[in-house]
Amino acid sequence: MTYPKYLEIDEVLKRLKLALDQHQPFSLIRIGDGENLVLAQDTVWPMEKVLQERWAIKANLGQKGLFLPNTELRDAVAEAVSKASIAGILPYDDESIKAPSYMKRELTDQVFAHYDLSPALTCHACLNRYLAETPAFWNILKNRRILLVTRTAAEVKPVLEVDPYGLHIAHTIAFHQYEQMPETLGWIAAHKDDFDIALFSCGVNAVVLAQKTAELTSKVGIDFGKAINIVMFGKAN
């Protein structure tokens with residue numbers, strides 16, 4: 001399965017800046033092994049097979065911000081892919097994430113076919129990591145009001161506010177678990193005039209949160225993922 005328009009980082013940055021400058025809705029979401037597995041629940045894989053995967057076992061130990069089965073999140077992720085401005089997908093033969101090959105692009109193709117998903121604009125699923133290491137990205141974010149949504153928001157905020165980032169973190173939300181989704185989206189909708197861009201680092205939940213933020217507020221939502229670890233520790237994992 002191929003997609004019509006694959007964007008390199010420069011093109012993504014151009015579209016991000018345009019959306020911020022012109023106050024247009026924009027969402028960047030990413031589909032990796034965890035998202036694939038969530039989408040596979042009772043669609044292309046039986047639930048029993050999903051729950052046997054190491055990722056699912058970790059999720060059900062409380063390590064992924066969600067518990068499986070969760071078909072409500074499955075359908076919300078599929079909807080987010082269909083509506084997002086840009087969807088990050090893994091290239092074939094990807095080696096940038098540690099996961100069995102059958103849980104990577106192969107599974108993306110299967111779940112996208114099941115849901116009839118064909119994003120108009122795609123990029124590398126690990127683009128977030130490249131963004132974190134690209135000064136041009138941080139320059140675009142300067143002088144913008146940023147909403148930071150992640151489990152460790154209180155720890156990340158002061159790091160982003162000083163050099164080399166120098167950002168204005170207008171608000172933070174400590175997001176731990178899927179169950180916080182309705183309350184978080186409610187807060188975001190109610191405070192849409194208080195931020196320009198939201199960065200989400202909260203696992204698979206970030207896919208839905210980033211797309212819904214653009215839809216509900218006409219602002220920018222970025223699924224930032226493990227790139228937050230690059231900010232904090234200098235590496236993604």
# chains A, B, ... in the order shown; residues from 1 in each chain; ligands from 1
call {"tool": "residues_around", "arguments": {"residues": "stretch 137-146 of chain A", "least_positions_apart": "2", "cutoff": "8 Å", "atoms": "only C-alpha atoms", "output": "ChimeraX atom specification"}}
result
/A:13,17,131-132,134-135,148,165-171,194-199
call {"tool": "closest_atom_pairs", "arguments": {"of": "stretch 64-132 of chain A", "to": "stretch 35-40 of chain A", "cutoff": "10 Å", "atoms": "only C-alpha atoms", "output": "CSV"}}
result
residue,atom,partner,partner_atom,distance
A:Leu66,CA,A:Val38,CA,9.9
A:Phe67,CA,A:Val38,CA,9.9
A:Leu68,CA,A:Val38,CA,8.0
A:Pro69,CA,A:Val38,CA,8.3
A:Asn70,CA,A:Val38,CA,7.5
A:Thr71,CA,A:Val38,CA,7.8
A:Glu72,CA,A:Val38,CA,9.8
A:Leu73,CA,A:Val38,CA,7.4
A:Arg74,CA,A:Leu39,CA,4.9
A:Asp75,CA,A:Leu39,CA,7.4
A:Ala76,CA,A:Leu39,CA,9.3
A:Val77,CA,A:Leu39,CA,7.2
A:Ala78,CA,A:Leu39,CA,7.0
A:Met103,CA,A:Asn36,CA,6.8
A:Lys104,CA,A:Asn36,CA,7.2
A:Arg105,CA,A:Asn36,CA,8.6
A:Glu106,CA,A:Asn36,CA,9.4
A:Leu107,CA,A:Asn36,CA,6.2
A:Thr108,CA,A:Asn36,CA,5.7
A:Asp109,CA,A:Asn36,CA,9.2
A:Gln110,CA,A:Ala40,CA,8.4
A:Val111,CA,A:Ala40,CA,6.1
A:Phe112,CA,A:Leu39,CA,8.7
A:His114,CA,A:Ala40,CA,9.2
A:Tyr115,CA,A:Leu39,CA,9.1
call {"tool": "atom_distance", "arguments": {"atom1": "atom CA of A:Glu53", "atom2": "atom CA of A:Pro100"}}
result
9.9 Å
call {"tool": "select_by_dssp", "arguments": {"residues": "stretch 18-93 of chain A", "states": "alpha helix (DSSP H)", "output": "ChimeraX atom specification"}}
result
/A:18-21,33-40,47-52,54-59,71-83
call {"tool": "closest_atom_pairs", "arguments": {"of": "stretch 26-100 of chain A", "to": "stretch 206-210 of chain A", "cutoff": "8 Å", "atoms": "only C-alpha atoms", "output": "tab-separated table"}}
result
residue	atom	partner	partner_atom	distance
A:Ser27	CA	A:Ala210	CA	5.8
A:Leu28	CA	A:Ala210	CA	6.9
A:Ile29	CA	A:Val207	CA	5.2
A:Arg30	CA	A:Val207	CA	6.6
A:Ala76	CA	A:Val208	CA	6.3
A:Val77	CA	A:Val208	CA	5.7
A:Ala80	CA	A:Val208	CA	5.6
A:Val81	CA	A:Val207	CA	8.0
call {"tool": "write_last_selection", "arguments": {"atoms": "C-alpha atoms", "output": "tab-separated table (two decimals), in the first residue's frame"}}
result
chain	number	residue	atom	x	y	z
A	27	SER	CA	-2.73	18.01	13.43
A	28	LEU	CA	0.25	15.69	13.15
A	29	ILE	CA	-0.37	12.15	14.37
A	30	ARG	CA	1.82	9.04	14.21
A	76	ALA	CA	-11.14	6.87	18.00
A	77	VAL	CA	-7.62	6.27	16.65
A	80	ALA	CA	-8.13	10.47	14.04
A	81	VAL	CA	-6.13	8.94	11.17
call {"tool": "residues_around", "arguments": {"residues": "A:His176", "least_positions_apart": "4", "cutoff": "9 Å", "atoms": "only C-alpha atoms", "output": "list of chain:residue names"}}
result
A:Lys64, A:Gly65, A:Leu66, A:Thr150, A:Arg151, A:Thr152, A:Gln180, A:Cys202
call {"tool": "closest_residue", "arguments": {"among": "A:Ala84, A:Ile228, A:Ile188, A:Ala236", "to": "A:Ile173", "atoms": "only C-alpha atoms"}}
result
A:Ile188
call {"tool": "atom_distance", "arguments": {"atom1": "atom CA of A:Leu61", "atom2": "atom CA of A:Gly32"}}
result
19.8 Å
call {"tool": "closest_residue", "arguments": {"among": "A:Val231, A:Leu51, A:Ala189, A:Ile57", "to": "A:Thr213", "atoms": "only C-alpha atoms"}}
result
A:Ala189
call {"tool": "closest_residue", "arguments": {"among": "A:Phe233, A:Tyr130, A:Phe26, A:Tyr6", "to": "A:Leu216", "atoms": "only C-alpha atoms"}}
result
A:Phe26
call {"tool": "closest_residue", "arguments": {"among": "A:Ser85, A:Thr172, A:Ser96, A:Thr184", "to": "A:Pro119", "atoms": "only C-alpha atoms"}}
result
A:Ser85
call {"tool": "decode", "arguments": {"residues": "stretch 143-155 of chain A", "atoms": "all heavy atoms", "output": "CSV table (one decimal), in the first residue's frame"}}
result
chain,number,residue,atom,x,y,z
A,143,ASN,N,7.7,32.3,21.0
A,143,ASN,CA,6.7,33.3,21.0
A,143,ASN,C,5.3,32.8,20.7
A,143,ASN,O,4.4,33.5,20.4
A,143,ASN,CB,7.0,34.4,20.0
A,143,ASN,CG,8.4,35.1,20.3
A,143,ASN,OD1,8.7,35.4,21.5
A,143,ASN,ND2,9.2,35.3,19.3
A,144,ARG,N,5.1,31.5,20.8
A,144,ARG,CA,3.8,30.9,20.7
A,144,ARG,C,3.4,30.4,22.2
A,144,ARG,O,4.2,30.1,23.0
A,144,ARG,CB,3.7,29.6,19.8
A,144,ARG,CG,4.5,29.8,18.6
A,144,ARG,CD,3.8,30.5,17.5
A,144,ARG,NE,4.6,30.4,16.2
A,144,ARG,CZ,4.2,31.0,15.1
A,144,ARG,NH1,3.1,31.7,15.0
A,144,ARG,NH2,5.0,30.9,14.0
A,145,ARG,N,2.1,30.4,22.4
A,145,ARG,CA,1.6,29.9,23.7
A,145,ARG,C,1.4,28.4,23.6
A,145,ARG,O,0.6,27.9,22.8
A,145,ARG,CB,0.3,30.6,24.1
A,145,ARG,CG,0.4,32.1,24.2
A,145,ARG,CD,-1.0,32.8,24.2
A,145,ARG,NE,-1.7,32.4,23.0
A,145,ARG,CZ,-3.1,32.6,22.9
A,145,ARG,NH1,-3.8,33.0,24.0
A,145,ARG,NH2,-3.7,32.3,21.8
A,146,ILE,N,2.1,27.7,24.4
A,146,ILE,CA,2.2,26.2,24.2
A,146,ILE,C,1.4,25.5,25.4
A,146,ILE,O,1.6,25.8,26.6
A,146,ILE,CB,3.6,25.7,24.2
A,146,ILE,CG1,4.3,26.3,22.9
A,146,ILE,CG2,3.7,24.2,24.2
A,146,ILE,CD1,5.8,26.2,22.9
A,147,LEU,N,0.6,24.5,25.0
A,147,LEU,CA,0.0,23.6,26.0
A,147,LEU,C,0.8,22.3,26.0
A,147,LEU,O,0.9,21.7,24.9
A,147,LEU,CB,-1.5,23.4,25.6
A,147,LEU,CG,-2.2,22.2,26.3
A,147,LEU,CD1,-2.3,22.5,27.8
A,147,LEU,CD2,-3.6,22.0,25.7
A,148,LEU,N,1.3,21.9,27.1
A,148,LEU,CA,2.1,20.7,27.2
A,148,LEU,C,1.2,19.6,28.0
A,148,LEU,O,0.8,19.9,29.1
A,148,LEU,CB,3.4,21.0,28.0
A,148,LEU,CG,4.3,19.9,28.2
A,148,LEU,CD1,4.9,19.4,26.9
A,148,LEU,CD2,5.5,20.3,29.1
A,149,VAL,N,1.0,18.5,27.3
A,149,VAL,CA,0.2,17.4,27.9
A,149,VAL,C,1.0,16.2,27.9
A,149,VAL,O,1.3,15.5,26.9
A,149,VAL,CB,-1.1,17.2,27.1
A,149,VAL,CG1,-2.0,16.1,27.8
A,149,VAL,CG2,-1.9,18.5,26.9
A,150,THR,N,1.5,15.8,29.1
A,150,THR,CA,2.3,14.6,29.3
A,150,THR,C,2.3,14.2,30.8
A,150,THR,O,2.0,15.1,31.6
A,150,THR,CB,3.7,14.8,28.8
A,150,THR,OG1,4.4,13.5,28.8
A,150,THR,CG2,4.5,15.8,29.5
A,151,ARG,N,2.6,13.0,31.1
A,151,ARG,CA,2.6,12.6,32.5
A,151,ARG,C,3.5,13.4,33.4
A,151,ARG,O,3.2,13.7,34.5
A,151,ARG,CB,3.0,11.1,32.5
A,151,ARG,CG,3.1,10.4,33.9
A,151,ARG,CD,3.4,8.9,33.7
A,151,ARG,NE,4.5,8.7,32.9
A,151,ARG,CZ,5.8,8.7,33.3
A,151,ARG,NH1,6.0,8.9,34.6
A,151,ARG,NH2,6.8,8.4,32.5
A,152,THR,N,4.7,13.8,32.8
A,152,THR,CA,5.7,14.5,33.6
A,152,THR,C,5.7,16.0,33.2
A,152,THR,O,6.8,16.6,33.2
A,152,THR,CB,7.1,13.9,33.3
A,152,THR,OG1,7.4,13.9,31.9
A,152,THR,CG2,7.2,12.4,33.8
A,153,ALA,N,4.6,16.5,32.9
A,153,ALA,CA,4.5,17.9,32.5
A,153,ALA,C,5.2,18.9,33.4
A,153,ALA,O,5.9,19.8,33.0
A,153,ALA,CB,3.0,18.4,32.3
A,154,ALA,N,5.1,18.7,34.7
A,154,ALA,CA,5.6,19.6,35.7
A,154,ALA,C,7.2,19.6,35.6
A,154,ALA,O,7.8,20.6,35.8
A,154,ALA,CB,5.2,19.2,37.1
A,155,GLU,N,7.8,18.5,35.3
A,155,GLU,CA,9.2,18.4,35.2
A,155,GLU,C,9.7,18.9,33.8
A,155,GLU,O,10.8,19.5,33.7
A,155,GLU,CB,9.7,16.9,35.3
A,155,GLU,CG,9.5,16.3,36.7
A,155,GLU,CD,8.1,15.7,37.0
A,155,GLU,OE1,7.2,15.9,36.1
A,155,GLU,OE2,8.0,15.0,38.0
